[in-house]
Amino acid sequence: MKNRDWHVNGDGQYQACKSARAWNLLRDNYRLYRFLTELEDILNDVEDETSRLPEIQILVRRLLVNSYWVQSQYLEPCPKTGTSVLILYDELGFPLTLQTVTFAPGTKSNIHNHGTWGVVALLKGQEKNTFWRRDPSQEFIDKIEQTGELTLLPGDIISFTPDTIHCVEALGNEPTVTFNIYGETDPKQRFEYNVISHTAKNF
């Protein structure tokens, strides 16, 4: 595991972040309930999203270092769609969702944003992220342009803002498994983009 940390903004530019060393994160009896409690503290105490996401990334790395259970909770990819989603936590009144997502090799997502912040950790396989930014014109207000690519390896963690636009593709010969945390989605701000027609629609 290379254990790299990344962050990407709505402009489609990604940057490396300082990573905590695994041995500094070891804790006795660090389980999902403690992670959720500490995560709630960050959400309540840190209003600035720019400051909040690096702290959440550290918590995610601490959870993965200490919890084999979390790393073992995933489904095989669906033969029809190539993906599977296992919800680990989604409680009414708590503004976030925890899940693991499995992609069969070669599976590629649509181009989208999430309408909320997110933190994704790669557990298995390889995932290529392609980033985009809005490039509106008078004729096409939803036009986007590609800004870069980044391949995540096991141990890598990436955070993104609500307006980050990307698509993901599972590389290699084995399924890709990710651990994902998302905030509360604003459905009016979540879009799927079409680079051929230069249009966007809610999804």
# chains A, B, ... in the order shown; residues from 1 in each chain; ligands from 1
>>> select_by_dssp(residues="region 8-185 of chain A", states="alpha helix (DSSP H)", output="count of residues only")
36
>>> residues_around(residues="Val101 (chain A)", least_positions_apart="4", cutoff="6 Å", atoms="only C-alpha atoms", output="list of chain:residue names")
A:Ser84, A:Val85, A:Val177, A:Thr178
>>> residues_around(residues="region 131-133 of chain A", least_positions_apart="6", cutoff="10 Å", atoms="only C-alpha atoms", output="PDB file with all heavy atoms, in the first residue's frame")
ATOM      1  N   VAL A   8      -9.356  16.971  -4.604  1.00  0.00           N
ATOM      2  CA  VAL A   8      -9.695  17.578  -5.881  1.00  0.00           C
ATOM      3  C   VAL A   8     -10.860  18.541  -5.687  1.00  0.00           C
ATOM      4  O   VAL A   8     -11.803  18.254  -4.944  1.00  0.00           O
ATOM      5  CB  VAL A   8     -10.015  16.503  -6.957  1.00  0.00           C
ATOM      6  CG1 VAL A   8     -11.173  15.623  -6.536  1.00  0.00           C
ATOM      7  CG2 VAL A   8     -10.290  17.148  -8.299  1.00  0.00           C
ATOM      8  N   ASN A   9     -10.770  19.706  -6.342  1.00  0.00           N
ATOM      9  CA  ASN A   9     -11.796  20.738  -6.256  1.00  0.00           C
ATOM     10  C   ASN A   9     -12.648  20.763  -7.519  1.00  0.00           C
ATOM     11  O   ASN A   9     -12.405  20.028  -8.472  1.00  0.00           O
ATOM     12  CB  ASN A   9     -11.142  22.116  -6.066  1.00  0.00           C
ATOM     13  CG  ASN A   9     -10.532  22.270  -4.694  1.00  0.00           C
ATOM     14  OD1 ASN A   9     -11.154  21.946  -3.687  1.00  0.00           O
ATOM     15  ND2 ASN A   9      -9.304  22.769  -4.652  1.00  0.00           N
ATOM     16  N   GLY A  10     -13.607  21.677  -7.526  1.00  0.00           N
ATOM     17  CA  GLY A  10     -14.504  21.814  -8.656  1.00  0.00           C
ATOM     18  C   GLY A  10     -13.827  22.267  -9.931  1.00  0.00           C
ATOM     19  O   GLY A  10     -14.397  22.120 -11.014  1.00  0.00           O
ATOM     20  N   ASP A  11     -12.607  22.799  -9.825  1.00  0.00           N
ATOM     21  CA  ASP A  11     -11.885  23.203 -11.026  1.00  0.00           C
ATOM     22  C   ASP A  11     -11.191  22.029 -11.706  1.00  0.00           C
ATOM     23  O   ASP A  11     -10.517  22.193 -12.725  1.00  0.00           O
ATOM     24  CB  ASP A  11     -10.870  24.302 -10.709  1.00  0.00           C
ATOM     25  CG  ASP A  11      -9.795  23.859  -9.713  1.00  0.00           C
ATOM     26  OD1 ASP A  11      -9.798  22.682  -9.307  1.00  0.00           O
ATOM     27  OD2 ASP A  11      -8.958  24.699  -9.341  1.00  0.00           O
ATOM     28  N   GLY A  12     -11.337  20.827 -11.118  1.00  0.00           N
ATOM     29  CA  GLY A  12     -10.769  19.628 -11.721  1.00  0.00           C
ATOM     30  C   GLY A  12      -9.294  19.433 -11.482  1.00  0.00           C
ATOM     31  O   GLY A  12      -8.682  18.514 -12.043  1.00  0.00           O
ATOM     32  N   GLN A  13      -8.708  20.256 -10.622  1.00  0.00           N
ATOM     33  CA  GLN A  13      -7.280  20.141 -10.325  1.00  0.00           C
ATOM     34  C   GLN A  13      -7.096  19.344  -9.033  1.00  0.00           C
ATOM     35  O   GLN A  13      -7.680  19.681  -8.014  1.00  0.00           O
ATOM     36  CB  GLN A  13      -6.655  21.528 -10.186  1.00  0.00           C
ATOM     37  CG  GLN A  13      -6.782  22.393 -11.423  1.00  0.00           C
ATOM     38  CD  GLN A  13      -6.115  21.782 -12.643  1.00  0.00           C
ATOM     39  OE1 GLN A  13      -5.003  21.267 -12.567  1.00  0.00           O
ATOM     40  NE2 GLN A  13      -6.804  21.833 -13.773  1.00  0.00           N
ATOM     41  N   TYR A  14      -6.290  18.295  -9.088  1.00  0.00           N
ATOM     42  CA  TYR A  14      -6.045  17.497  -7.887  1.00  0.00           C
ATOM     43  C   TYR A  14      -4.675  17.834  -7.325  1.00  0.00           C
ATOM     44  O   TYR A  14      -3.774  18.262  -8.044  1.00  0.00           O
ATOM     45  CB  TYR A  14      -6.168  16.000  -8.178  1.00  0.00           C
ATOM     46  CG  TYR A  14      -5.181  15.447  -9.172  1.00  0.00           C
ATOM     47  CD1 TYR A  14      -3.925  15.010  -8.768  1.00  0.00           C
ATOM     48  CD2 TYR A  14      -5.506  15.337 -10.520  1.00  0.00           C
ATOM     49  CE1 TYR A  14      -3.023  14.482  -9.668  1.00  0.00           C
ATOM     50  CE2 TYR A  14      -4.615  14.817 -11.438  1.00  0.00           C
ATOM     51  CZ  TYR A  14      -3.380  14.390 -11.007  1.00  0.00           C
ATOM     52  OH  TYR A  14      -2.476  13.876 -11.903  1.00  0.00           O
ATOM     53  N   ILE A 111     -20.053  10.412 -16.336  1.00  0.00           N
ATOM     54  CA  ILE A 111     -19.376  11.621 -15.862  1.00  0.00           C
ATOM     55  C   ILE A 111     -20.362  12.353 -14.961  1.00  0.00           C
ATOM     56  O   ILE A 111     -21.490  12.651 -15.372  1.00  0.00           O
ATOM     57  CB  ILE A 111     -18.948  12.518 -17.039  1.00  0.00           C
ATOM     58  CG1 ILE A 111     -18.021  11.742 -17.974  1.00  0.00           C
ATOM     59  CG2 ILE A 111     -18.239  13.773 -16.524  1.00  0.00           C
ATOM     60  CD1 ILE A 111     -17.710  12.479 -19.267  1.00  0.00           C
ATOM     61  N   HIS A 112     -19.951  12.651 -13.720  1.00  0.00           N
ATOM     62  CA  HIS A 112     -20.919  13.162 -12.749  1.00  0.00           C
ATOM     63  C   HIS A 112     -20.225  13.962 -11.651  1.00  0.00           C
ATOM     64  O   HIS A 112     -19.013  13.885 -11.475  1.00  0.00           O
ATOM     65  CB  HIS A 112     -21.667  11.991 -12.107  1.00  0.00           C
ATOM     66  CG  HIS A 112     -20.769  11.073 -11.337  1.00  0.00           C
ATOM     67  ND1 HIS A 112     -19.980  10.114 -11.942  1.00  0.00           N
ATOM     68  CD2 HIS A 112     -20.495  10.974 -10.005  1.00  0.00           C
ATOM     69  CE1 HIS A 112     -19.287   9.460 -11.032  1.00  0.00           C
ATOM     70  NE2 HIS A 112     -19.575   9.966  -9.832  1.00  0.00           N
ATOM     71  N   ASN A 113     -21.024  14.715 -10.921  1.00  0.00           N
ATOM     72  CA  ASN A 113     -20.611  15.218  -9.615  1.00  0.00           C
ATOM     73  C   ASN A 113     -21.522  14.572  -8.584  1.00  0.00           C
ATOM     74  O   ASN A 113     -22.410  13.786  -8.932  1.00  0.00           O
ATOM     75  CB  ASN A 113     -20.649  16.752  -9.566  1.00  0.00           C
ATOM     76  CG  ASN A 113     -22.069  17.289  -9.548  1.00  0.00           C
ATOM     77  OD1 ASN A 113     -23.030  16.580  -9.861  1.00  0.00           O
ATOM     78  ND2 ASN A 113     -22.222  18.553  -9.197  1.00  0.00           N
ATOM     79  N   LYS A 143     -21.320  22.785 -20.869  1.00  0.00           N
ATOM     80  CA  LYS A 143     -20.124  22.216 -21.473  1.00  0.00           C
ATOM     81  C   LYS A 143     -19.046  22.016 -20.404  1.00  0.00           C
ATOM     82  O   LYS A 143     -18.888  22.843 -19.506  1.00  0.00           O
ATOM     83  CB  LYS A 143     -19.605  23.144 -22.575  1.00  0.00           C
ATOM     84  CG  LYS A 143     -18.382  22.624 -23.306  1.00  0.00           C
ATOM     85  CD  LYS A 143     -17.911  23.631 -24.351  1.00  0.00           C
ATOM     86  CE  LYS A 143     -16.628  23.156 -25.022  1.00  0.00           C
ATOM     87  NZ  LYS A 143     -16.115  24.157 -25.989  1.00  0.00           N
ATOM     88  N   ILE A 144     -18.313  20.911 -20.492  1.00  0.00           N
ATOM     89  CA  ILE A 144     -17.206  20.637 -19.580  1.00  0.00           C
ATOM     90  C   ILE A 144     -15.969  20.268 -20.387  1.00  0.00           C
ATOM     91  O   ILE A 144     -16.073  19.863 -21.552  1.00  0.00           O
ATOM     92  CB  ILE A 144     -17.528  19.505 -18.578  1.00  0.00           C
ATOM     93  CG1 ILE A 144     -17.877  18.210 -19.323  1.00  0.00           C
ATOM     94  CG2 ILE A 144     -18.667  19.922 -17.644  1.00  0.00           C
ATOM     95  CD1 ILE A 144     -18.083  17.008 -18.417  1.00  0.00           C
ATOM     96  N   GLU A 145     -14.804  20.406 -19.764  1.00  0.00           N
ATOM     97  CA  GLU A 145     -13.563  19.980 -20.412  1.00  0.00           C
ATOM     98  C   GLU A 145     -12.741  19.154 -19.444  1.00  0.00           C
ATOM     99  O   GLU A 145     -12.762  19.378 -18.227  1.00  0.00           O
ATOM    100  CB  GLU A 145     -12.756  21.177 -20.908  1.00  0.00           C
ATOM    101  CG  GLU A 145     -12.155  22.054 -19.829  1.00  0.00           C
ATOM    102  CD  GLU A 145     -11.201  23.096 -20.412  1.00  0.00           C
ATOM    103  OE1 GLU A 145     -11.058  23.162 -21.638  1.00  0.00           O
ATOM    104  OE2 GLU A 145     -10.596  23.830 -19.610  1.00  0.00           O
ATOM    105  N   GLN A 146     -12.028  18.184 -19.995  1.00  0.00           N
ATOM    106  CA  GLN A 146     -11.206  17.290 -19.180  1.00  0.00           C
ATOM    107  C   GLN A 146      -9.972  18.035 -18.674  1.00  0.00           C
ATOM    108  O   GLN A 146      -9.364  18.808 -19.406  1.00  0.00           O
ATOM    109  CB  GLN A 146     -10.784  16.072 -19.995  1.00  0.00           C
ATOM    110  CG  GLN A 146     -10.033  15.021 -19.190  1.00  0.00           C
ATOM    111  CD  GLN A 146      -9.743  13.779 -20.007  1.00  0.00           C
ATOM    112  OE1 GLN A 146     -10.498  13.416 -20.897  1.00  0.00           O
ATOM    113  NE2 GLN A 146      -8.624  13.141 -19.711  1.00  0.00           N
ATOM    114  N   THR A 147      -9.625  17.785 -17.398  1.00  0.00           N
ATOM    115  CA  THR A 147      -8.483  18.474 -16.797  1.00  0.00           C
ATOM    116  C   THR A 147      -7.346  17.550 -16.399  1.00  0.00           C
ATOM    117  O   THR A 147      -6.218  18.005 -16.207  1.00  0.00           O
ATOM    118  CB  THR A 147      -8.924  19.254 -15.547  1.00  0.00           C
ATOM    119  OG1 THR A 147      -9.518  18.329 -14.612  1.00  0.00           O
ATOM    120  CG2 THR A 147      -9.933  20.335 -15.908  1.00  0.00           C
ATOM    121  N   GLY A 148      -7.614  16.254 -16.229  1.00  0.00           N
ATOM    122  CA  GLY A 148      -6.534  15.364 -15.830  1.00  0.00           C
ATOM    123  C   GLY A 148      -7.029  13.997 -15.429  1.00  0.00           C
ATOM    124  O   GLY A 148      -8.237  13.739 -15.372  1.00  0.00           O
ATOM    125  N   GLU A 149      -6.074  13.108 -15.140  1.00  0.00           N
ATOM    126  CA  GLU A 149      -6.381  11.747 -14.713  1.00  0.00           C
ATOM    127  C   GLU A 149      -5.494  11.369 -13.533  1.00  0.00           C
ATOM    128  O   GLU A 149      -4.357  11.845 -13.422  1.00  0.00           O
ATOM    129  CB  GLU A 149      -6.153  10.747 -15.848  1.00  0.00           C
ATOM    130  CG  GLU A 149      -7.084  10.914 -17.030  1.00  0.00           C
ATOM    131  CD  GLU A 149      -6.807   9.894 -18.126  1.00  0.00           C
ATOM    132  OE1 GLU A 149      -5.733   9.233 -18.078  1.00  0.00           O
ATOM    133  OE2 GLU A 149      -7.641   9.754 -19.023  1.00  0.00           O
ATOM    134  N   LEU A 150      -6.015  10.491 -12.688  1.00  0.00           N
ATOM    135  CA  LEU A 150      -5.263  10.011 -11.529  1.00  0.00           C
ATOM    136  C   LEU A 150      -5.697   8.582 -11.246  1.00  0.00           C
ATOM    137  O   LEU A 150      -6.893   8.304 -11.102  1.00  0.00           O
ATOM    138  CB  LEU A 150      -5.551  10.889 -10.308  1.00  0.00           C
ATOM    139  CG  LEU A 150      -4.914  10.460  -8.985  1.00  0.00           C
ATOM    140  CD1 LEU A 150      -3.395  10.590  -9.057  1.00  0.00           C
ATOM    141  CD2 LEU A 150      -5.469  11.301  -7.836  1.00  0.00           C
ATOM    142  N   ASP A 163     -18.841  20.168  -6.049  1.00  0.00           N
ATOM    143  CA  ASP A 163     -18.877  20.513  -7.468  1.00  0.00           C
ATOM    144  C   ASP A 163     -17.796  19.818  -8.288  1.00  0.00           C
ATOM    145  O   ASP A 163     -17.642  20.082  -9.482  1.00  0.00           O
ATOM    146  CB  ASP A 163     -18.771  22.033  -7.653  1.00  0.00           C
ATOM    147  CG  ASP A 163     -17.545  22.619  -6.957  1.00  0.00           C
ATOM    148  OD1 ASP A 163     -16.898  21.908  -6.167  1.00  0.00           O
ATOM    149  OD2 ASP A 163     -17.246  23.800  -7.194  1.00  0.00           O
ATOM    150  N   THR A 164     -17.041  18.905  -7.674  1.00  0.00           N
ATOM    151  CA  THR A 164     -16.040  18.138  -8.412  1.00  0.00           C
ATOM    152  C   THR A 164     -16.729  17.240  -9.435  1.00  0.00           C
ATOM    153  O   THR A 164     -17.673  16.531  -9.116  1.00  0.00           O
ATOM    154  CB  THR A 164     -15.210  17.272  -7.460  1.00  0.00           C
ATOM    155  OG1 THR A 164     -14.491  18.115  -6.548  1.00  0.00           O
ATOM    156  CG2 THR A 164     -14.220  16.404  -8.225  1.00  0.00           C
ATOM    157  N   ILE A 165     -16.234  17.264 -10.665  1.00  0.00           N
ATOM    158  CA  ILE A 165     -16.788  16.437 -11.746  1.00  0.00           C
ATOM    159  C   ILE A 165     -15.762  15.372 -12.112  1.00  0.00           C
ATOM    160  O   ILE A 165     -14.598  15.688 -12.374  1.00  0.00           O
ATOM    161  CB  ILE A 165     -17.117  17.296 -12.980  1.00  0.00           C
ATOM    162  CG1 ILE A 165     -18.097  18.417 -12.620  1.00  0.00           C
ATOM    163  CG2 ILE A 165     -17.700  16.432 -14.102  1.00  0.00           C
ATOM    164  CD1 ILE A 165     -18.286  19.447 -13.727  1.00  0.00           C
ATOM    165  N   HIS A 166     -16.202  14.120 -12.142  1.00  0.00           N
ATOM    166  CA  HIS A 166     -15.274  13.042 -12.488  1.00  0.00           C
ATOM    167  C   HIS A 166     -16.022  11.851 -13.056  1.00  0.00           C
ATOM    168  O   HIS A 166     -17.243  11.767 -13.007  1.00  0.00           O
ATOM    169  CB  HIS A 166     -14.438  12.625 -11.263  1.00  0.00           C
ATOM    170  CG  HIS A 166     -15.196  11.847 -10.235  1.00  0.00           C
ATOM    171  ND1 HIS A 166     -14.592  10.893  -9.428  1.00  0.00           N
ATOM    172  CD2 HIS A 166     -16.498  11.845  -9.870  1.00  0.00           C
ATOM    173  CE1 HIS A 166     -15.482  10.368  -8.608  1.00  0.00           C
ATOM    174  NE2 HIS A 166     -16.645  10.928  -8.861  1.00  0.00           N
ATOM    175  N   CYS A 167     -15.258  10.911 -13.595  1.00  0.00           N
ATOM    176  CA  CYS A 167     -15.762   9.575 -13.874  1.00  0.00           C
ATOM    177  C   CYS A 167     -14.691   8.604 -13.417  1.00  0.00           C
ATOM    178  O   CYS A 167     -13.513   8.970 -13.306  1.00  0.00           O
ATOM    179  CB  CYS A 167     -16.113   9.376 -15.348  1.00  0.00           C
ATOM    180  SG  CYS A 167     -14.715   9.457 -16.485  1.00  0.00           S
ATOM    181  N   VAL A 168     -15.093   7.389 -13.095  1.00  0.00           N
ATOM    182  CA  VAL A 168     -14.137   6.397 -12.595  1.00  0.00           C
ATOM    183  C   VAL A 168     -14.204   5.147 -13.453  1.00  0.00           C
ATOM    184  O   VAL A 168     -15.245   4.802 -14.003  1.00  0.00           O
ATOM    185  CB  VAL A 168     -14.407   6.050 -11.109  1.00  0.00           C
ATOM    186  CG1 VAL A 168     -14.256   7.281 -10.238  1.00  0.00           C
ATOM    187  CG2 VAL A 168     -15.779   5.431 -10.923  1.00  0.00           C
ATOM    188  N   TYR A 193     -23.174  14.407 -16.807  1.00  0.00           N
ATOM    189  CA  TYR A 193     -22.779  15.249 -17.929  1.00  0.00           C
ATOM    190  C   TYR A 193     -22.586  14.428 -19.196  1.00  0.00           C
ATOM    191  O   TYR A 193     -22.097  13.289 -19.151  1.00  0.00           O
ATOM    192  CB  TYR A 193     -21.476  15.986 -17.605  1.00  0.00           C
ATOM    193  CG  TYR A 193     -21.622  16.990 -16.488  1.00  0.00           C
ATOM    194  CD1 TYR A 193     -21.488  16.601 -15.162  1.00  0.00           C
ATOM    195  CD2 TYR A 193     -21.917  18.316 -16.756  1.00  0.00           C
ATOM    196  CE1 TYR A 193     -21.636  17.517 -14.124  1.00  0.00           C
ATOM    197  CE2 TYR A 193     -22.059  19.248 -15.735  1.00  0.00           C
ATOM    198  CZ  TYR A 193     -21.922  18.832 -14.423  1.00  0.00           C
ATOM    199  OH  TYR A 193     -22.068  19.737 -13.403  1.00  0.00           O
TER     200      TYR A 193
END
>>> closest_atom_pairs(of="region 86-172 of chain A", to="region 60-79 of chain A", cutoff="12 Å", atoms="only C-alpha atoms", output="tab-separated table")
residue	atom	partner	partner_atom	distance
A:Leu86	CA	A:Tyr74	CA	6.0
A:Ile87	CA	A:Tyr74	CA	9.1
A:Leu88	CA	A:Gln73	CA	8.2
A:Tyr89	CA	A:Val70	CA	11.4
A:Leu98	CA	A:Val70	CA	10.4
A:Gln99	CA	A:Tyr74	CA	8.6
A:Thr100	CA	A:Tyr74	CA	5.7
A:Val101	CA	A:Tyr74	CA	7.0
A:Thr102	CA	A:Pro77	CA	5.5
A:Phe103	CA	A:Pro77	CA	5.8
A:Ala104	CA	A:Pro77	CA	5.6
A:Pro105	CA	A:Pro77	CA	9.4
A:Gly106	CA	A:Pro77	CA	11.6
A:Thr107	CA	A:Pro77	CA	9.8
A:Gly118	CA	A:Val60	CA	11.5
A:Val119	CA	A:Val60	CA	8.2
A:Val120	CA	A:Val60	CA	8.8
A:Ala121	CA	A:Val60	CA	7.7
A:Leu122	CA	A:Gln71	CA	9.8
A:Leu123	CA	A:Gln71	CA	6.6
A:Lys124	CA	A:Gln71	CA	9.1
A:Pro154	CA	A:Gln71	CA	11.0
A:Gly155	CA	A:Arg61	CA	8.3
A:Asp156	CA	A:Arg61	CA	9.1
A:Ile157	CA	A:Arg61	CA	7.9
A:Ile158	CA	A:Val60	CA	10.4
A:Ser159	CA	A:Val60	CA	10.7
A:Ala170	CA	A:Pro77	CA	11.5
>>> write_last_selection(atoms="C-alpha atoms", output="mmCIF file, in the first residue's frame")
data_model
loop_
_atom_site.group_PDB
_atom_site.id
_atom_site.type_symbol
_atom_site.label_atom_id
_atom_site.label_comp_id
_atom_site.auth_asym_id
_atom_site.auth_seq_id
_atom_site.Cartn_x
_atom_site.Cartn_y
_atom_site.Cartn_z
ATOM 1 C CA LEU A 86 -23.121 -2.274 0.151
ATOM 2 C CA ILE A 87 -24.489 0.324 2.575
ATOM 3 C CA LEU A 88 -22.605 0.202 5.883
ATOM 4 C CA TYR A 89 -24.331 3.159 7.526
ATOM 5 C CA LEU A 98 -20.972 5.025 4.407
ATOM 6 C CA GLN A 99 -20.728 2.341 1.751
ATOM 7 C CA THR A 100 -18.401 0.041 -0.123
ATOM 8 C CA VAL A 101 -18.599 -0.038 -3.904
ATOM 9 C CA THR A 102 -17.351 -2.859 -6.118
ATOM 10 C CA PHE A 103 -16.581 -2.449 -9.841
ATOM 11 C CA ALA A 104 -15.899 -5.360 -12.178
ATOM 12 C CA PRO A 105 -12.723 -4.935 -14.261
ATOM 13 C CA GLY A 106 -13.313 -2.550 -17.139
ATOM 14 C CA THR A 107 -16.460 -1.001 -15.663
ATOM 15 C CA GLY A 118 -16.999 12.914 -0.428
ATOM 16 C CA VAL A 119 -14.037 10.846 0.728
ATOM 17 C CA VAL A 120 -13.113 7.634 -1.095
ATOM 18 C CA ALA A 121 -10.496 5.076 -0.035
ATOM 19 C CA LEU A 122 -9.312 2.351 -2.387
ATOM 20 C CA LEU A 123 -9.358 -1.070 -0.722
ATOM 21 C CA LYS A 124 -8.617 -3.377 -3.678
ATOM 22 C CA PRO A 154 -4.896 0.250 -2.585
ATOM 23 C CA GLY A 155 -4.340 2.500 0.423
ATOM 24 C CA ASP A 156 -4.931 5.728 -1.493
ATOM 25 C CA ILE A 157 -7.599 8.153 -0.236
ATOM 26 C CA ILE A 158 -9.123 11.052 -2.156
ATOM 27 C CA SER A 159 -11.517 13.789 -1.059
ATOM 28 C CA ALA A 170 -11.836 -0.069 -12.816
#
>>> closest_residue(among="A:Phe179, A:Phe140, A:Phe203, A:Trp23", to="Thr97 (chain A)", atoms="only C-alpha atoms")
A:Phe179
>>> decode(residues="region 58-140 of chain A", atoms="C-alpha atoms", output="PDB file, in the first residue's frame")
ATOM      1  CA  ILE A  58      -7.201  11.079   8.616  1.00  0.00           C
ATOM      2  CA  LEU A  59     -10.178   9.460  10.361  1.00  0.00           C
ATOM      3  CA  VAL A  60     -10.782   7.218   7.347  1.00  0.00           C
ATOM      4  CA  ARG A  61      -7.167   6.109   7.335  1.00  0.00           C
ATOM      5  CA  ARG A  62      -7.331   5.423  11.083  1.00  0.00           C
ATOM      6  CA  LEU A  63     -10.439   3.292  10.557  1.00  0.00           C
ATOM      7  CA  LEU A  64      -8.855   1.278   7.765  1.00  0.00           C
ATOM      8  CA  VAL A  65      -5.629   0.743   9.727  1.00  0.00           C
ATOM      9  CA  ASN A  66      -7.528  -0.583  12.729  1.00  0.00           C
ATOM     10  CA  SER A  67     -10.590  -2.331  11.292  1.00  0.00           C
ATOM     11  CA  TYR A  68     -10.250  -5.500   9.255  1.00  0.00           C
ATOM     12  CA  TRP A  69     -14.041  -5.746   9.394  1.00  0.00           C
ATOM     13  CA  VAL A  70     -14.539  -2.598   7.305  1.00  0.00           C
ATOM     14  CA  GLN A  71     -12.056  -3.783   4.695  1.00  0.00           C
ATOM     15  CA  SER A  72     -13.849  -7.135   4.380  1.00  0.00           C
ATOM     16  CA  GLN A  73     -17.364  -5.721   3.883  1.00  0.00           C
ATOM     17  CA  TYR A  74     -18.141  -5.679   0.169  1.00  0.00           C
ATOM     18  CA  LEU A  75     -20.212  -7.501  -2.430  1.00  0.00           C
ATOM     19  CA  GLU A  76     -19.177  -9.176  -5.649  1.00  0.00           C
ATOM     20  CA  PRO A  77     -19.955  -7.011  -8.692  1.00  0.00           C
ATOM     21  CA  CYS A  78     -23.365  -7.561 -10.267  1.00  0.00           C
ATOM     22  CA  PRO A  79     -22.994  -9.544 -13.542  1.00  0.00           C
ATOM     23  CA  LYS A  80     -25.505  -7.278 -15.309  1.00  0.00           C
ATOM     24  CA  THR A  81     -24.314  -3.819 -14.234  1.00  0.00           C
ATOM     25  CA  GLY A  82     -20.692  -4.523 -13.299  1.00  0.00           C
ATOM     26  CA  THR A  83     -21.147  -2.748  -9.938  1.00  0.00           C
ATOM     27  CA  SER A  84     -22.451  -3.464  -6.453  1.00  0.00           C
ATOM     28  CA  VAL A  85     -23.039  -1.147  -3.488  1.00  0.00           C
ATOM     29  CA  LEU A  86     -23.121  -2.274   0.151  1.00  0.00           C
ATOM     30  CA  ILE A  87     -24.489   0.324   2.575  1.00  0.00           C
ATOM     31  CA  LEU A  88     -22.605   0.202   5.883  1.00  0.00           C
ATOM     32  CA  TYR A  89     -24.331   3.159   7.526  1.00  0.00           C
ATOM     33  CA  ASP A  90     -27.209   5.432   6.501  1.00  0.00           C
ATOM     34  CA  GLU A  91     -29.251   6.744   9.415  1.00  0.00           C
ATOM     35  CA  LEU A  92     -32.096   9.228   9.132  1.00  0.00           C
ATOM     36  CA  GLY A  93     -31.073  12.569  10.619  1.00  0.00           C
ATOM     37  CA  PHE A  94     -27.325  11.926  10.320  1.00  0.00           C
ATOM     38  CA  PRO A  95     -26.039  13.765   7.248  1.00  0.00           C
ATOM     39  CA  LEU A  96     -23.766  11.157   5.719  1.00  0.00           C
ATOM     40  CA  THR A  97     -23.656   7.717   4.129  1.00  0.00           C
ATOM     41  CA  LEU A  98     -20.972   5.025   4.407  1.00  0.00           C
ATOM     42  CA  GLN A  99     -20.728   2.341   1.751  1.00  0.00           C
ATOM     43  CA  THR A 100     -18.401   0.041  -0.123  1.00  0.00           C
ATOM     44  CA  VAL A 101     -18.599  -0.038  -3.904  1.00  0.00           C
ATOM     45  CA  THR A 102     -17.351  -2.859  -6.118  1.00  0.00           C
ATOM     46  CA  PHE A 103     -16.581  -2.449  -9.841  1.00  0.00           C
ATOM     47  CA  ALA A 104     -15.899  -5.360 -12.178  1.00  0.00           C
ATOM     48  CA  PRO A 105     -12.723  -4.935 -14.261  1.00  0.00           C
ATOM     49  CA  GLY A 106     -13.313  -2.550 -17.139  1.00  0.00           C
ATOM     50  CA  THR A 107     -16.460  -1.001 -15.663  1.00  0.00           C
ATOM     51  CA  LYS A 108     -16.694   2.745 -16.184  1.00  0.00           C
ATOM     52  CA  SER A 109     -19.063   5.233 -14.573  1.00  0.00           C
ATOM     53  CA  ASN A 110     -20.845   8.135 -16.197  1.00  0.00           C
ATOM     54  CA  ILE A 111     -19.376  11.621 -15.862  1.00  0.00           C
ATOM     55  CA  HIS A 112     -20.919  13.162 -12.749  1.00  0.00           C
ATOM     56  CA  ASN A 113     -20.611  15.218  -9.615  1.00  0.00           C
ATOM     57  CA  HIS A 114     -22.108  14.228  -6.274  1.00  0.00           C
ATOM     58  CA  GLY A 115     -23.780  17.402  -5.043  1.00  0.00           C
ATOM     59  CA  THR A 116     -22.008  16.853  -1.714  1.00  0.00           C
ATOM     60  CA  TRP A 117     -18.521  16.357  -0.306  1.00  0.00           C
ATOM     61  CA  GLY A 118     -16.999  12.914  -0.428  1.00  0.00           C
ATOM     62  CA  VAL A 119     -14.037  10.846   0.728  1.00  0.00           C
ATOM     63  CA  VAL A 120     -13.113   7.634  -1.095  1.00  0.00           C
ATOM     64  CA  ALA A 121     -10.496   5.076  -0.035  1.00  0.00           C
ATOM     65  CA  LEU A 122      -9.312   2.351  -2.387  1.00  0.00           C
ATOM     66  CA  LEU A 123      -9.358  -1.070  -0.722  1.00  0.00           C
ATOM     67  CA  LYS A 124      -8.617  -3.377  -3.678  1.00  0.00           C
ATOM     68  CA  GLY A 125      -7.755  -3.144  -7.358  1.00  0.00           C
ATOM     69  CA  GLN A 126      -7.044   0.026  -9.329  1.00  0.00           C
ATOM     70  CA  GLU A 127      -9.355   2.937 -10.083  1.00  0.00           C
ATOM     71  CA  LYS A 128      -8.679   5.572 -12.730  1.00  0.00           C
ATOM     72  CA  ASN A 129     -10.302   8.921 -11.976  1.00  0.00           C
ATOM     73  CA  THR A 130     -10.753  11.322 -14.877  1.00  0.00           C
ATOM     74  CA  PHE A 131     -11.480  14.900 -13.806  1.00  0.00           C
ATOM     75  CA  TRP A 132     -13.413  17.620 -15.585  1.00  0.00           C
ATOM     76  CA  ARG A 133     -14.341  21.245 -15.022  1.00  0.00           C
ATOM     77  CA  ARG A 134     -17.230  23.360 -16.232  1.00  0.00           C
ATOM     78  CA  ASP A 135     -16.421  25.356 -19.369  1.00  0.00           C
ATOM     79  CA  PRO A 136     -19.715  27.043 -20.287  1.00  0.00           C
ATOM     80  CA  SER A 137     -20.208  28.916 -23.529  1.00  0.00           C
ATOM     81  CA  GLN A 138     -23.079  31.011 -24.821  1.00  0.00           C
ATOM     82  CA  GLU A 139     -24.303  28.049 -26.829  1.00  0.00           C
ATOM     83  CA  PHE A 140     -23.654  25.292 -24.252  1.00  0.00           C
TER      84      PHE A 140
END
